[in-house]
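Structure, as structure tokens:
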There are 2 protein chains.
Amino acid sequence: MTKKYNISVEATLEVIGGKWKPVILCHLMNGKKRTGELKRLIPKITQKMLTQQLRELEHDGIINRIVYNQVPPKVEYELSAYGNSLREILHSLCIWGEHHIERTYGDTKDYLEDSILNQ
Amino acid sequence: MTKKYNISVEATLEVIGGKWKPVILCHLMNGKKRTGELKRLIPKITQKMLTQQLRELEHDGIINRIVYNQVPPKVEYELSAYGNSLREILHSLCIWGEHHIERTYGDTKDYLEDSILNQ
DNA sequence: CGTAATTGTTACGTAAAAGTGCCTACCCTA
DNA sequence: TAGGGTAGGCACTTTTACGTAACAATTACG
């Protein structure tokens, strides 16, 4: 049963869209991260959503999951080479979004969470 | 009640995301369109979703709604100057999506609707 | 007079996405 | 032996997005 896209943009948004994937991806753009590290960087995400989104990104080939066989467990996530091809796109989306927030609200700082990503 | 974004990408996706906005926008990239014309170009969209999405795009300043005062009614939608600033972004999203479909399924033609947009 | 043409609205129902709470496994250390 | 630290699973509820179907307004035309 072949799902059809109206237009290829939809395929991209299926990969990078949703409530949490953009943040996760942007953090991983700045380098490999452990699970708990991501949770700290994105305080409002729940354990469930975090792992769920990471699984989907992994499935789409965007990130690599690196498991260290030790106790307590250690797992790292990093952008794959393929995922890296999203870098420019995400950057453009960031820039445009910033302009849009500014255009809509007058300034950005009240509408962006405190985060190393928003500096 | 200030909604906060984790990252500005989210603001962009709020504007161009969802099930129908990308298609609508891409059609409007090719020029002004009447309501019925859009409905024909996007056969599976319902009247309700079409107008709902158009209203939101208008509200965000992305498109202009041009009403001709005549009967039967005539309304046209066109990309605004501001909306035009999304052109490059949508184009990149298209390109990446095409590659992704190809990478995932082997070819694109079985996964993209017949449409002047997919040529 | 009744109907077609065009754009749009509204109330309601369904399906998909996100959130909550509690549970597991493992070894180490106090 | 009880608890900490790390990653993650599962059942269930809530919220949001999307879809369906019927209705409105206006004028021209047969």
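Within each chain, counting starts at residue 1; across the structure tokens, chains are named A, B, ... in the order shown, with ligands numbered 1 upward in that order.
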Could you list, as a VMD selection string, the residues of chain A having an atom within 12 Å of chain C when counting only C-alpha atoms (C1' of nucleotides)?
chain A and resid 17 to 20 44 to 50 52 to 53 69 to 74
Near chain B, which residues of chain A fall within 6 Å when you count only C-alpha atoms, and what do they look like as a list in words?
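The contacting residues on chain A are Lys4, Tyr5, Asn6, Ser8, Val9, Ala11, Thr12, Leu93, Cys94, Gly97, Glu98, Tyr111, Leu112 and Glu113 of chain A.
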Write a file of the selected residues as an mmCIF file, in the first residue's frame, keeping all heavy atoms.
data_model
loop_
_atom_site.group_PDB
_atom_site.id
_atom_site.type_symbol
_atom_site.label_atom_id
_atom_site.label_comp_id
_atom_site.auth_asym_id
_atom_site.auth_seq_id
_atom_site.Cartn_x
_atom_site.Cartn_y
_atom_site.Cartn_z
ATOM 1 N N LYS A 4 1.150 8.022 -0.976
ATOM 2 C CA LYS A 4 1.629 9.007 -1.949
ATOM 3 C C LYS A 4 1.683 10.395 -1.331
ATOM 4 O O LYS A 4 0.797 10.789 -0.595
ATOM 5 C CB LYS A 4 0.701 9.027 -3.164
ATOM 6 C CG LYS A 4 0.910 7.845 -4.088
ATOM 7 C CD LYS A 4 0.468 8.183 -5.506
ATOM 8 C CE LYS A 4 0.741 7.013 -6.447
ATOM 9 N NZ LYS A 4 0.447 7.348 -7.842
ATOM 10 N N TYR A 5 2.740 11.081 -1.681
ATOM 11 C CA TYR A 5 2.881 12.461 -1.246
ATOM 12 C C TYR A 5 2.339 13.383 -2.325
ATOM 13 O O TYR A 5 2.532 13.141 -3.511
ATOM 14 C CB TYR A 5 4.344 12.790 -1.003
ATOM 15 C CG TYR A 5 5.009 11.935 0.049
ATOM 16 C CD1 TYR A 5 5.859 10.894 -0.305
ATOM 17 C CD2 TYR A 5 4.801 12.180 1.405
ATOM 18 C CE1 TYR A 5 6.477 10.108 0.672
ATOM 19 C CE2 TYR A 5 5.411 11.406 2.381
ATOM 20 C CZ TYR A 5 6.249 10.369 1.999
ATOM 21 O OH TYR A 5 6.862 9.609 2.964
ATOM 22 N N ASN A 6 1.685 14.449 -1.909
ATOM 23 C CA ASN A 6 1.275 15.461 -2.872
ATOM 24 C C ASN A 6 2.494 16.123 -3.469
ATOM 25 O O ASN A 6 2.517 16.516 -4.621
ATOM 26 C CB ASN A 6 0.417 16.532 -2.192
ATOM 27 C CG ASN A 6 -0.924 16.001 -1.773
ATOM 28 O OD1 ASN A 6 -1.744 15.663 -2.618
ATOM 29 N ND2 ASN A 6 -1.154 15.890 -0.475
ATOM 30 N N SER A 8 7.044 16.505 -2.602
ATOM 31 C CA SER A 8 8.138 15.895 -1.855
ATOM 32 C C SER A 8 8.460 16.603 -0.545
ATOM 33 O O SER A 8 9.050 16.009 0.347
ATOM 34 C CB SER A 8 9.379 15.791 -2.730
ATOM 35 O OG SER A 8 9.641 17.013 -3.378
ATOM 36 N N VAL A 9 8.066 17.877 -0.441
ATOM 37 C CA VAL A 9 8.251 18.573 0.837
ATOM 38 C C VAL A 9 7.700 17.737 1.986
ATOM 39 O O VAL A 9 8.292 17.675 3.069
ATOM 40 C CB VAL A 9 7.497 19.923 0.846
ATOM 41 C CG1 VAL A 9 7.784 20.669 2.134
ATOM 42 C CG2 VAL A 9 7.857 20.764 -0.347
ATOM 43 N N ALA A 11 7.620 14.644 2.466
ATOM 44 C CA ALA A 11 8.542 13.596 2.907
ATOM 45 C C ALA A 11 9.580 14.175 3.861
ATOM 46 O O ALA A 11 9.943 13.555 4.864
ATOM 47 C CB ALA A 11 9.221 12.954 1.705
ATOM 48 N N THR A 12 10.038 15.360 3.547
ATOM 49 C CA THR A 12 11.020 16.009 4.425
ATOM 50 C C THR A 12 10.404 16.320 5.779
ATOM 51 O O THR A 12 10.997 16.038 6.823
ATOM 52 C CB THR A 12 11.526 17.314 3.799
ATOM 53 O OG1 THR A 12 11.980 17.058 2.479
ATOM 54 C CG2 THR A 12 12.656 17.902 4.626
ATOM 55 N N LEU A 93 15.607 27.248 8.245
ATOM 56 C CA LEU A 93 14.337 27.257 8.974
ATOM 57 C C LEU A 93 14.451 28.060 10.267
ATOM 58 O O LEU A 93 13.521 28.745 10.682
ATOM 59 C CB LEU A 93 13.891 25.829 9.280
ATOM 60 C CG LEU A 93 13.466 24.981 8.078
ATOM 61 C CD1 LEU A 93 13.219 23.548 8.494
ATOM 62 C CD2 LEU A 93 12.230 25.556 7.409
ATOM 63 N N CYS A 94 15.617 27.970 10.889
ATOM 64 C CA CYS A 94 15.890 28.754 12.096
ATOM 65 C C CYS A 94 15.850 30.242 11.809
ATOM 66 O O CYS A 94 15.163 31.009 12.480
ATOM 67 C CB CYS A 94 17.278 28.403 12.639
ATOM 68 S SG CYS A 94 17.236 27.247 13.998
ATOM 69 N N GLY A 97 12.439 31.510 10.942
ATOM 70 C CA GLY A 97 11.593 31.496 12.126
ATOM 71 C C GLY A 97 11.887 32.662 13.053
ATOM 72 O O GLY A 97 10.971 33.273 13.602
ATOM 73 N N GLU A 98 13.164 32.963 13.198
ATOM 74 C CA GLU A 98 13.533 34.099 14.041
ATOM 75 C C GLU A 98 12.946 35.390 13.499
ATOM 76 O O GLU A 98 12.331 36.168 14.219
ATOM 77 C CB GLU A 98 15.060 34.235 14.071
ATOM 78 C CG GLU A 98 15.698 33.769 15.351
ATOM 79 C CD GLU A 98 17.201 33.936 15.269
ATOM 80 O OE1 GLU A 98 17.683 35.080 15.377
ATOM 81 O OE2 GLU A 98 17.901 32.911 15.060
ATOM 82 N N TYR A 111 9.917 34.847 23.444
ATOM 83 C CA TYR A 111 9.192 33.760 22.804
ATOM 84 C C TYR A 111 10.060 32.551 22.527
ATOM 85 O O TYR A 111 9.600 31.572 21.975
ATOM 86 C CB TYR A 111 8.526 34.271 21.524
ATOM 87 C CG TYR A 111 7.628 35.441 21.827
ATOM 88 C CD1 TYR A 111 8.101 36.737 21.787
ATOM 89 C CD2 TYR A 111 6.316 35.216 22.225
ATOM 90 C CE1 TYR A 111 7.278 37.813 22.120
ATOM 91 C CE2 TYR A 111 5.488 36.274 22.556
ATOM 92 C CZ TYR A 111 5.981 37.578 22.501
ATOM 93 O OH TYR A 111 5.168 38.616 22.851
ATOM 94 N N LEU A 112 11.303 32.643 22.920
ATOM 95 C CA LEU A 112 12.207 31.503 22.756
ATOM 96 C C LEU A 112 12.699 31.050 24.116
ATOM 97 O O LEU A 112 13.099 31.861 24.949
ATOM 98 C CB LEU A 112 13.398 31.897 21.874
ATOM 99 C CG LEU A 112 13.088 32.083 20.387
ATOM 100 C CD1 LEU A 112 14.293 32.637 19.649
ATOM 101 C CD2 LEU A 112 12.651 30.759 19.774
ATOM 102 N N GLU A 113 12.643 29.773 24.358
ATOM 103 C CA GLU A 113 13.128 29.215 25.607
ATOM 104 C C GLU A 113 14.611 29.543 25.795
ATOM 105 O O GLU A 113 15.354 29.691 24.840
ATOM 106 C CB GLU A 113 12.975 27.684 25.602
ATOM 107 C CG GLU A 113 11.553 27.186 25.565
ATOM 108 C CD GLU A 113 10.848 27.301 26.907
ATOM 109 O OE1 GLU A 113 11.516 27.656 27.906
ATOM 110 O OE2 GLU A 113 9.626 27.057 26.953
#
Which chain D residues have any atom within 12 Å of an atom of chain A, and for each, what is the nearest pair of atoms with distance in Å to one decimal, counting only C-alpha atoms (C1' of nucleotides), rows sorted by chain and number, as CSV?
residue,atom,partner,partner_atom,distance
D:DG4,C1',A:Pro72,CA,10.5
D:DG5,C1',A:Pro72,CA,6.6
D:DT6,C1',A:Pro72,CA,5.2
D:DA7,C1',A:Pro73,CA,6.2
D:DG8,C1',A:Thr51,CA,7.6
D:DG9,C1',A:Lys48,CA,8.8
D:DC10,C1',A:Lys48,CA,10.3
D:DT16,C1',A:Lys19,CA,11.9
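From CA of Gly83 in chain B back to CA of Gly106 in chain A, the distance works out to 18.4 Å.
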Can you list, as an MDAnalysis selection string, every protein, DNA or RNA residue that comes within 6 Å of Ile63 in chain A when you count only C-alpha atoms (C1' of nucleotides), leaving out same-chain residues fewer than 3 positions away?
chainID A and resid 57:58 78:80
Emit the selected residues as a PDB file, in the first residue's frame, including N, CA and C atoms.
ATOM      1  N   LEU A  57      14.062   8.896  14.124  1.00  0.00           N
ATOM      2  CA  LEU A  57      15.185   9.518  13.425  1.00  0.00           C
ATOM      3  C   LEU A  57      16.221   8.466  13.037  1.00  0.00           C
ATOM      4  N   GLU A  58      16.433   7.517  13.942  1.00  0.00           N
ATOM      5  CA  GLU A  58      17.371   6.447  13.649  1.00  0.00           C
ATOM      6  C   GLU A  58      16.848   5.616  12.466  1.00  0.00           C
ATOM      7  N   GLU A  78      24.273  10.440  17.623  1.00  0.00           N
ATOM      8  CA  GLU A  78      25.010  11.413  16.815  1.00  0.00           C
ATOM      9  C   GLU A  78      24.346  11.520  15.454  1.00  0.00           C
ATOM     10  N   LEU A  79      24.500  12.681  14.836  1.00  0.00           N
ATOM     11  CA  LEU A  79      24.019  12.877  13.478  1.00  0.00           C
ATOM     12  C   LEU A  79      24.784  11.949  12.544  1.00  0.00           C
ATOM     13  N   SER A  80      24.083  11.259  11.671  1.00  0.00           N
ATOM     14  CA  SER A  80      24.757  10.446  10.661  1.00  0.00           C
ATOM     15  C   SER A  80      25.222  11.352   9.517  1.00  0.00           C
TER      16      SER A  80
END
Tell me, which residues of chain B carry DSSP strand (DSSP E or B), written as a list in words?
Tyr5, Lys33, Arg34, Ile63, Asn64, Arg65, Ile66, Val67, Tyr68, Lys74, Val75, Glu76, Tyr77, Glu78, Leu79 and Leu112 of chain B
Can you write out the residues you just picked, keeping C-alpha atoms, as a short mmCIF file (atom, residue, chain, number, x, y, z; two decimals), in the first residue's frame?
data_model
loop_
_atom_site.label_atom_id
_atom_site.label_comp_id
_atom_site.auth_asym_id
_atom_site.auth_seq_id
_atom_site.Cartn_x
_atom_site.Cartn_y
_atom_site.Cartn_z
CA TYR B 5 9.35 27.94 21.20
CA LYS B 33 -4.87 31.05 -8.19
CA ARG B 34 -8.62 31.12 -7.74
CA ILE B 63 -0.61 35.14 1.10
CA ASN B 64 -2.99 37.85 -0.06
CA ARG B 65 -6.68 37.26 -0.55
CA ILE B 66 -8.13 39.24 -3.42
CA VAL B 67 -11.89 39.49 -3.51
CA TYR B 68 -13.67 40.65 -6.66
CA LYS B 74 -14.45 35.39 -7.46
CA VAL B 75 -11.56 35.18 -5.05
CA GLU B 76 -7.91 34.87 -5.82
CA TYR B 77 -4.99 33.98 -3.63
CA GLU B 78 -1.45 35.04 -4.28
CA LEU B 79 1.84 34.80 -2.46
CA LEU B 112 4.39 11.23 -5.67
#
Students should find that CA of Arg55 in chain B and CA of Ala81 in chain B are spaced 16.9 Å
Would you mind writing down, as JSON, numbers by chain, each residue of chain A that DSSP on the backbone assigns to alpha helix (DSSP H)?
{"A": [9, 10, 11, 12, 13, 14, 15, 16, 21, 22, 23, 24, 25, 26, 27, 28, 29, 35, 36, 37, 38, 39, 40, 41, 47, 48, 49, 50, 51, 52, 53, 54, 55, 56, 57, 58, 59, 81, 82, 83, 84, 87, 88, 89, 90, 91, 92, 93, 94, 95, 96, 97, 98, 99, 100, 101, 102, 103, 104, 105]}
